[in-house]
Amino acid sequence: MGSYGKLARRALETDSPVMVQIQELYRSTKDAVSLAQGVVHWQPPKRALEKAKELVFEPQISRYGADEGLPQLRDALMQKLERENKLNKSKIMVTAGANQAFVNLVLALCDAGDSVVMFAPYYFNAYMSFQMTGVTNILVGPGTPETLYPDADWLEQTLKKTNPPPKVVSVVNPGNPSGTYVPEPLLKRISELCRKAGSWLIVDNTYEYFMYDDLKHSCVEGDHIVNIFSFSKAYGMMGWRVGYIAYPAEVDGFLTQLLKVQDNIPICASIISQYLALYSLENGTDWVKDQVRDLVKNRDLLKEALAILGDGAVKGGEGAIYLWVRLPDSFQDDFNVVRWLARRHRLILIPGSACGCPGHLRIAFAGMPEAETAIAANRLKKGLEELLRDGMVEE
């Protein structure tokens with residue numbers, strides 16, 4: 001059997017994380033610029049960092065905190081949910097980022113052998129979370145071709161014909177990797193379909209503040225709905241690792257099950273990180289909106305560079321920090337295209353095959369200020385021009 005015979009099948013059968021592969025490609029490419037990882041170019045609010053810095057020597061920072069999060073942070077988040085998201089029947093658990101929040105929920109809600117629903121293009125880490133839990137029946141629904149919105153008609157038929165019904169339906173709003181969003185009427189329809197079928201609906205709202213062109217983000221609430229939120233992107237806290245779950249308060253025992261998972265993974269999110277999150281909230285959402293507003297300049301620079309691919313090849317940019325790009329039919333091996341762009345043009349992107357859609361690319365437009373994004377856009381344009389003209393030439 002060799003050494004692999006001693007390793008867990010659920011780990012062996014889980015996809016390798018694409019970001020690990022892309023980070024290796026980035027490190028091995030001299031003078032590369034990256035439009036790959038979903039990050040923002042700003043740091044947390046300066047005043048919040050200064051307040052957190054003063055806590056470093058406080059004894060409570062080095063001790064365990066409550067598994068579900070600092071009480072004062074949870075109180076502040078409850079107020080935020082009611083004020084901004086119109087969620088009045090939810091309670092909070094603070095996690096070490098939104099990815100860990102999703103793992104908590106999968107472990108608390110799903111058994112090996114359950115079926116679940118995602119929509120392509122899907123978020124690769126969420127897909128992996130299902131795989132490593134033994135959820136092998138992952139039903140991948142299509143996005144509507146014109147918009148990439150989740151296809152609710154397909155969902156309705158799938159929920160009716162799957163017996164037993166899928167345990168979980170998962171959507172990301174705004175979308176990662178699609179860069180689109182789920183309009184409120186569609187979100188409500190998906191919620192109602194899940195309620196009738198007896199399925200949980202998990203909505204990842206990591207990019208709630210990243211909406212453009214006067215579009216609006218919305219949330220839904222119910223005893224079958226769990227919402228995930230994050231500080232990583234909005235407040236530039238990627239490395240601080242703070243997210244949170246808004247779970248239905250009326251479901252008996254929900255927190256008890258979440259705590260079993262939480263206590264065995266992080267115990268609690270980093271205490272100093274939670275304080276930084278609390279202090280960041282004090283700056284208000286206007287601070288976040290000020291950071292997000294200028295991202296349209298980055299988006300438009302990259303859309304201009306992608307125009308060579310023709311009408312309909314580029315979607316997204318309505319929300320989140322992504323553009324979703326369809327490659328020409330002769331270049332369906334998107335990972336090969338990604339490697340070639342790195343070697344030839346020192347540009348790093350994400351292959352769409354990692355998101356269930358071969359022949360596509362995900363492009364992130366928030367990781368660099370405008371001047372650096374312009375450099376990346378120029379490399380992207382030159383790379384695509386050469387690709388379309390000559391193919392993947394090598395020196």
# chains A, B, ... in the order shown; residues from 1 in each chain; ligands from 1

$ residues_around --residues "region 167-175 of chain A" --least-positions-apart "2" --cutoff "8 Å" --atoms "only C-alpha atoms" --output "NGL selection string"
:A and (109-110 or 114-119 or 123 or 150 or 165 or 177-182 or 194 or 198-208 or 210-211 or 217 or 319-320)

$ select_by_dssp --residues "region 138-175 of chain A" --states "alpha helix (DSSP H)" --output "VMD selection string"
chain A and resid 152 to 161

$ residues_around --residues "region 292-301 of chain A" --least-positions-apart "4" --cutoff "12 Å" --atoms "only C-alpha atoms" --output "CSV table (one decimal) with N, CA and C atoms, in the first residue's frame"
chain,number,residue,atom,x,y,z
A,35,LEU,N,-2.5,38.9,-9.2
A,35,LEU,CA,-4.0,39.2,-9.2
A,35,LEU,C,-4.7,37.9,-8.8
A,40,VAL,N,-7.1,42.5,0.2
A,40,VAL,CA,-7.1,44.0,-0.1
A,40,VAL,C,-5.8,44.6,0.3
A,41,HIS,N,-5.6,45.8,-0.3
A,41,HIS,CA,-4.3,46.4,-0.1
A,41,HIS,C,-4.2,47.3,1.1
A,42,TRP,N,-5.2,47.4,1.9
A,42,TRP,CA,-5.2,48.3,3.0
A,42,TRP,C,-5.0,47.5,4.3
A,179,GLY,N,-17.6,37.2,-8.6
A,179,GLY,CA,-17.7,38.7,-8.7
A,179,GLY,C,-19.1,39.3,-8.9
A,207,TYR,N,-18.1,39.5,1.6
A,207,TYR,CA,-17.9,40.7,0.8
A,207,TYR,C,-19.1,41.6,0.8
A,208,GLU,N,-19.8,41.6,2.0
A,208,GLU,CA,-21.0,42.4,2.1
A,208,GLU,C,-20.8,43.9,1.7
A,209,TYR,N,-19.7,44.5,2.0
A,209,TYR,CA,-19.5,45.9,1.7
A,209,TYR,C,-18.9,46.2,0.3
A,210,PHE,N,-18.6,45.1,-0.4
A,210,PHE,CA,-18.0,45.3,-1.7
A,210,PHE,C,-19.0,45.2,-2.8
A,211,MET,N,-19.8,46.2,-2.9
A,211,MET,CA,-20.8,46.3,-3.9
A,211,MET,C,-20.6,47.6,-4.7
A,212,TYR,N,-20.8,47.6,-6.0
A,212,TYR,CA,-20.4,48.7,-6.9
A,212,TYR,C,-21.6,49.1,-7.7
A,213,ASP,N,-21.5,50.3,-8.3
A,213,ASP,CA,-22.5,50.8,-9.3
A,213,ASP,C,-23.9,50.9,-8.7
A,214,ASP,N,-23.9,51.3,-7.4
A,214,ASP,CA,-25.2,51.5,-6.7
A,214,ASP,C,-26.0,50.2,-6.4
A,233,LYS,N,-11.6,41.1,4.8
A,233,LYS,CA,-11.5,42.0,3.6
A,233,LYS,C,-11.9,43.4,3.9
A,234,ALA,N,-13.0,43.6,4.6
A,234,ALA,CA,-13.5,44.9,4.8
A,234,ALA,C,-12.5,45.8,5.6
A,235,TYR,N,-11.9,45.2,6.7
A,235,TYR,CA,-11.0,45.9,7.6
A,235,TYR,C,-9.6,45.6,7.3
A,236,GLY,N,-9.2,44.9,6.3
A,236,GLY,CA,-7.8,44.6,6.0
A,236,GLY,C,-7.2,43.7,7.0
A,285,THR,N,-18.8,51.9,9.3
A,285,THR,CA,-18.8,51.4,7.9
A,285,THR,C,-18.4,52.4,6.9
A,286,ASP,N,-18.5,53.7,7.3
A,286,ASP,CA,-18.0,54.7,6.3
A,286,ASP,C,-16.6,54.6,6.0
A,287,TRP,N,-15.8,54.1,7.1
A,287,TRP,CA,-14.3,53.9,6.9
A,287,TRP,C,-14.1,52.8,5.8
A,288,VAL,N,-14.9,51.7,5.9
A,288,VAL,CA,-14.8,50.6,5.0
A,288,VAL,C,-15.2,51.1,3.6
A,305,ALA,N,-8.1,45.8,-20.0
A,305,ALA,CA,-7.1,44.9,-20.5
A,305,ALA,C,-7.7,43.6,-21.0
A,306,LEU,N,-8.9,43.2,-20.5
A,306,LEU,CA,-9.5,42.0,-20.9
A,306,LEU,C,-10.4,42.1,-22.1
A,307,ALA,N,-10.6,43.3,-22.5
A,307,ALA,CA,-11.6,43.6,-23.6
A,307,ALA,C,-11.2,42.8,-24.9
A,314,VAL,N,-16.1,38.4,-20.1
A,314,VAL,CA,-15.8,38.8,-18.8
A,314,VAL,C,-17.0,39.1,-18.0
A,315,LYS,N,-17.2,38.5,-16.9
A,315,LYS,CA,-18.3,38.8,-16.0
A,315,LYS,C,-17.8,39.1,-14.6
A,316,GLY,N,-18.8,39.5,-13.8
A,316,GLY,CA,-18.4,39.9,-12.4
A,316,GLY,C,-18.1,41.4,-12.3
A,317,GLY,N,-17.4,41.7,-11.2
A,317,GLY,CA,-17.2,43.1,-11.0
A,317,GLY,C,-18.3,43.9,-10.4
A,318,GLU,N,-19.5,43.2,-10.2
A,318,GLU,CA,-20.6,43.9,-9.6
A,318,GLU,C,-20.5,43.9,-8.1
A,319,GLY,N,-19.8,42.9,-7.6
A,319,GLY,CA,-19.6,42.8,-6.1
A,319,GLY,C,-18.3,42.0,-5.9
A,320,ALA,N,-18.0,41.9,-4.6
A,320,ALA,CA,-16.7,41.3,-4.2
A,320,ALA,C,-15.5,42.0,-4.8
A,321,ILE,N,-14.5,41.2,-5.1
A,321,ILE,CA,-13.2,41.8,-5.6
A,321,ILE,C,-12.7,41.0,-6.8
A,322,TYR,N,-13.7,40.4,-7.6
A,322,TYR,CA,-13.2,39.5,-8.6
A,322,TYR,C,-13.9,39.8,-10.0
A,323,LEU,N,-13.1,39.5,-11.1
A,323,LEU,CA,-13.6,39.3,-12.4
A,323,LEU,C,-13.5,37.9,-12.8
A,324,TRP,N,-14.5,37.4,-13.5
A,324,TRP,CA,-14.5,36.0,-13.9
A,324,TRP,C,-14.4,36.0,-15.5
A,363,ILE,N,-9.8,36.7,-11.5
A,363,ILE,CA,-8.8,37.8,-11.4
A,363,ILE,C,-9.3,38.7,-10.2
A,364,ALA,N,-8.4,38.9,-9.2
A,364,ALA,CA,-8.7,39.7,-8.1
A,364,ALA,C,-8.2,41.1,-8.3
A,365,PHE,N,-9.0,42.1,-8.0
A,365,PHE,CA,-8.6,43.5,-8.3
A,365,PHE,C,-8.4,44.4,-7.1
A,366,ALA,N,-8.3,43.8,-5.9
A,366,ALA,CA,-8.2,44.6,-4.7
A,366,ALA,C,-6.9,44.5,-4.0
A,367,GLY,N,-5.9,43.7,-4.4
A,367,GLY,CA,-4.7,43.4,-3.7
A,367,GLY,C,-3.6,44.5,-3.8
A,368,MET,N,-3.8,45.4,-4.8
A,368,MET,CA,-2.8,46.4,-5.0
A,368,MET,C,-3.4,47.8,-5.2
A,369,PRO,N,-2.7,48.9,-4.8
A,369,PRO,CA,-3.2,50.2,-5.2
A,369,PRO,C,-3.3,50.4,-6.7
A,370,GLU,N,-3.9,51.5,-7.1
A,370,GLU,CA,-4.2,51.7,-8.5
A,370,GLU,C,-2.9,51.7,-9.4
A,371,ALA,N,-1.8,52.3,-9.0
A,371,ALA,CA,-0.6,52.4,-9.8
A,371,ALA,C,-0.1,51.0,-10.1
A,372,GLU,N,0.0,50.1,-9.0
A,372,GLU,CA,0.5,48.8,-9.2
A,372,GLU,C,-0.5,47.9,-10.0
A,373,THR,N,-1.8,48.1,-9.8
A,373,THR,CA,-2.8,47.4,-10.6
A,373,THR,C,-2.6,47.7,-12.1
A,374,ALA,N,-2.3,49.0,-12.4
A,374,ALA,CA,-2.0,49.4,-13.8
A,374,ALA,C,-0.9,48.6,-14.4
A,375,ILE,N,0.1,48.3,-13.6
A,375,ILE,CA,1.3,47.5,-14.1
A,375,ILE,C,0.8,46.1,-14.4
A,376,ALA,N,0.0,45.5,-13.5
A,376,ALA,CA,-0.5,44.2,-13.7
A,376,ALA,C,-1.5,44.1,-14.9
A,377,ALA,N,-2.3,45.2,-15.1
A,377,ALA,CA,-3.2,45.2,-16.2
A,377,ALA,C,-2.4,45.3,-17.5
A,378,ASN,N,-1.3,46.0,-17.6
A,378,ASN,CA,-0.5,46.0,-18.8
A,378,ASN,C,0.1,44.7,-19.1
A,379,ARG,N,0.5,44.0,-18.1
A,379,ARG,CA,1.1,42.6,-18.3
A,379,ARG,C,0.0,41.7,-18.8
A,380,LEU,N,-1.2,41.8,-18.2
A,380,LEU,CA,-2.3,41.0,-18.6
A,380,LEU,C,-2.7,41.2,-20.0
A,381,LYS,N,-2.8,42.5,-20.4
A,381,LYS,CA,-3.1,42.8,-21.8
A,381,LYS,C,-2.1,42.2,-22.8

$ closest_atom_pairs --of "region 78-146 of chain A" --to "region 16-20 of chain A" --cutoff "8 Å" --atoms "only C-alpha atoms" --output "CSV"
residue,atom,partner,partner_atom,distance
A:Phe124,CA,A:Pro17,CA,7.7
A:Asn125,CA,A:Pro17,CA,7.3
A:Met128,CA,A:Pro17,CA,7.9

$ closest_residue --among "A:Met237, A:Pro121, A:Ser90, A:Leu55" --to "Pro351 (chain A)" --atoms "only C-alpha atoms"
A:Pro121

$ residues_around --residues "region 91-106 of chain A" --least-positions-apart "6" --cutoff "9 Å" --atoms "only C-alpha atoms" --output "PyMOL selection string"
chain A and resi 67-70+73-75+77-78+125-126+129-130+133+168+202+204+206+226+228-232+238+240-249+255+258-259+261-262+265-266+268-270+274

$ atom_distance --atom1 "CA of Gly65 (chain A)" --atom2 "CA of Leu276 (chain A)"
14.6 Å
